[in-house]
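The file protein-v5.cif contains mmCIF, C-alpha atoms:
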data_query
loop_
_atom_site.group_PDB
_atom_site.id
_atom_site.type_symbol
_atom_site.label_atom_id
_atom_site.label_comp_id
_atom_site.auth_asym_id
_atom_site.auth_seq_id
_atom_site.Cartn_x
_atom_site.Cartn_y
_atom_site.Cartn_z
ATOM 1 C CA MET A 16 -2.372 -7.419 -0.636
ATOM 2 C CA GLU A 17 -3.529 -10.990 -0.030
ATOM 3 C CA LYS A 18 -6.233 -9.800 2.378
ATOM 4 C CA ILE A 19 -7.580 -7.413 -0.255
ATOM 5 C CA ILE A 20 -7.591 -10.110 -2.948
ATOM 6 C CA LEU A 21 -9.585 -12.290 -0.556
ATOM 7 C CA ARG A 22 -12.149 -9.478 -0.243
ATOM 8 C CA TYR A 23 -12.553 -9.483 -4.012
ATOM 9 C CA GLY A 24 -12.790 -13.260 -3.864
ATOM 10 C CA LYS A 25 -15.756 -12.970 -1.537
ATOM 11 C CA LYS A 26 -17.433 -10.939 -4.263
ATOM 12 C CA GLY A 27 -16.800 -13.853 -6.627
ATOM 13 C CA TYR A 28 -13.757 -12.568 -8.540
ATOM 14 C CA THR A 29 -10.411 -14.290 -8.948
ATOM 15 C CA LEU A 30 -7.118 -12.441 -9.305
ATOM 16 C CA THR A 31 -6.938 -13.732 -12.888
ATOM 17 C CA GLN A 32 -10.312 -12.145 -13.628
ATOM 18 C CA LEU A 33 -9.219 -8.863 -12.053
ATOM 19 C CA GLU A 34 -6.026 -8.832 -14.122
ATOM 20 C CA ALA A 35 -7.993 -9.570 -17.312
ATOM 21 C CA ALA A 36 -10.511 -6.836 -16.491
ATOM 22 C CA ALA A 37 -7.695 -4.354 -15.859
ATOM 23 C CA SER A 38 -6.060 -5.307 -19.153
ATOM 24 C CA ALA A 39 -9.311 -4.877 -21.114
ATOM 25 C CA PHE A 40 -10.031 -1.572 -19.379
ATOM 26 C CA ALA A 41 -6.507 -0.309 -20.074
ATOM 27 C CA ALA A 42 -6.783 -1.229 -23.760
ATOM 28 C CA ALA A 43 -10.087 0.669 -23.990
ATOM 29 C CA GLN A 44 -8.336 3.679 -22.442
ATOM 30 C CA GLY A 45 -5.557 3.454 -25.039
ATOM 31 C CA LEU A 46 -2.941 2.194 -22.574
ATOM 32 C CA THR A 47 -0.386 -0.496 -23.322
ATOM 33 C CA ASP A 48 1.902 -2.555 -21.057
ATOM 34 C CA SER A 49 -0.708 -2.403 -18.314
ATOM 35 C CA ASN A 50 -0.796 -3.731 -14.788
ATOM 36 C CA LEU A 51 -3.077 -3.180 -11.822
ATOM 37 C CA GLU A 52 -2.961 -2.263 -8.186
ATOM 38 C CA ILE A 53 -5.862 -2.912 -5.872
ATOM 39 C CA TYR A 54 -6.588 0.147 -3.791
ATOM 40 C CA HIS A 55 -6.843 -0.536 -0.100
ATOM 41 C CA ASP A 56 -10.253 1.113 0.212
ATOM 42 C CA PHE A 57 -11.709 -1.624 -2.038
ATOM 43 C CA GLU A 58 -13.546 0.939 -4.156
ATOM 44 C CA GLU A 59 -11.458 0.765 -7.318
ATOM 45 C CA LEU A 60 -8.557 -0.739 -9.168
ATOM 46 C CA ALA A 61 -5.669 1.459 -10.229
ATOM 47 C CA VAL A 62 -4.670 0.456 -13.743
ATOM 48 C CA PHE A 63 -1.236 1.589 -14.853
ATOM 49 C CA GLY A 64 0.066 1.626 -18.402
ATOM 50 C CA GLU A 65 1.757 3.658 -21.092
ATOM 51 C CA ASP A 66 -0.075 6.108 -23.291
ATOM 52 C CA ARG A 67 0.608 6.550 -27.015
ATOM 53 C CA HIS A 68 3.494 8.890 -26.163
ATOM 54 C CA GLY A 69 5.188 6.294 -23.955
ATOM 55 C CA GLN A 70 4.327 8.151 -20.748
ATOM 56 C CA ARG A 71 3.342 6.108 -17.704
ATOM 57 C CA CYS A 72 -0.138 6.972 -16.531
ATOM 58 C CA GLU A 73 -2.946 5.676 -14.368
ATOM 59 C CA ALA A 74 -6.643 5.108 -14.927
ATOM 60 C CA SER A 75 -9.079 4.214 -12.166
ATOM 61 C CA LEU A 76 -11.530 1.382 -12.669
ATOM 62 C CA PRO A 77 -14.326 1.787 -10.112
ATOM 63 C CA PHE A 78 -15.477 -1.449 -8.547
ATOM 64 C CA SER A 79 -19.040 -0.551 -9.559
ATOM 65 C CA GLN A 80 -17.969 -0.921 -13.219
ATOM 66 C CA LEU A 81 -15.940 -4.083 -12.709
ATOM 67 C CA GLU A 82 -18.640 -6.484 -13.934
ATOM 68 C CA ARG A 83 -18.574 -4.743 -17.298
ATOM 69 C CA TRP A 84 -14.899 -5.620 -17.764
ATOM 70 C CA VAL A 85 -14.701 -9.065 -16.167
ATOM 71 C CA GLN A 86 -14.923 -11.958 -18.586
ATOM 72 C CA VAL A 87 -16.579 -14.969 -17.012
#

Spell out the structure here as structure tokens.
Amino acid sequence: MEKIILRYGKKGYTLTQLEAAASAFAAAQGLTDSNLEIYHDFEELAVFGEDRHGQRCEASLPFSQLERWVQV
């Protein structure tokens, strides 16, 4: 996991920024209680949360859209 976070760091993102982006993305998708997992292929973040029915679900945040969600 640390190696992958370092790869994001080389792109200029901190883990805090990634977590904030995942949280904002999850909220826009209608998910609550969200968290993220960085996929090993470095192409997207897996954002997990609960939908309005309390079911756990996943939404994928492609790295290409990350800038839209990162607050600098």

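Taking CA of Lys26 (chain A) and CA of Ala74 (chain A) as the two end points, the separation is 22.1 Å.
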
(request) Could you tell me how far CA of Ala35 (chain A) lies from CA of Glu82 (chain A), in Å and to one decimal? (result) 11.6 Å

(request) Take the point (-3.6, 8.4, -12.6) in the file's coordinates, draw a sphere of radius 12 Å around it, and report as an MDAnalysis selection string every protein, DNA or RNA residue with an atom inside or on it, counting only C-alpha atoms. (result) chainID A and resid 41 44 46 51:52 60:66 70:76

(request) Figure out the distance between CA of Ser49 (chain A) and CA of Arg67 (chain A), please, to one decimal in Å. (result)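 Pair CA of Arg67 (chain A) / CA of Ser49 (chain A) returns 12.6 Å.
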
What are the centre and edge lengths in Å, to one decimal, of the axis-aligned box around all listed atoms of region 30-34 of chain A with 5 Å added on each side, as AutoDock Vina command-line options?
--center_x -8.2 --center_y -11.3 --center_z -11.7 --size_x 14.3 --size_y 14.9 --size_z 14.8

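When only C-alpha atoms are used to compute distances to Glu59 (chain A), the closest of the residues A:Trp84, A:Pro77, A:Leu30, A:Ala43 turns out to be A:Pro77.
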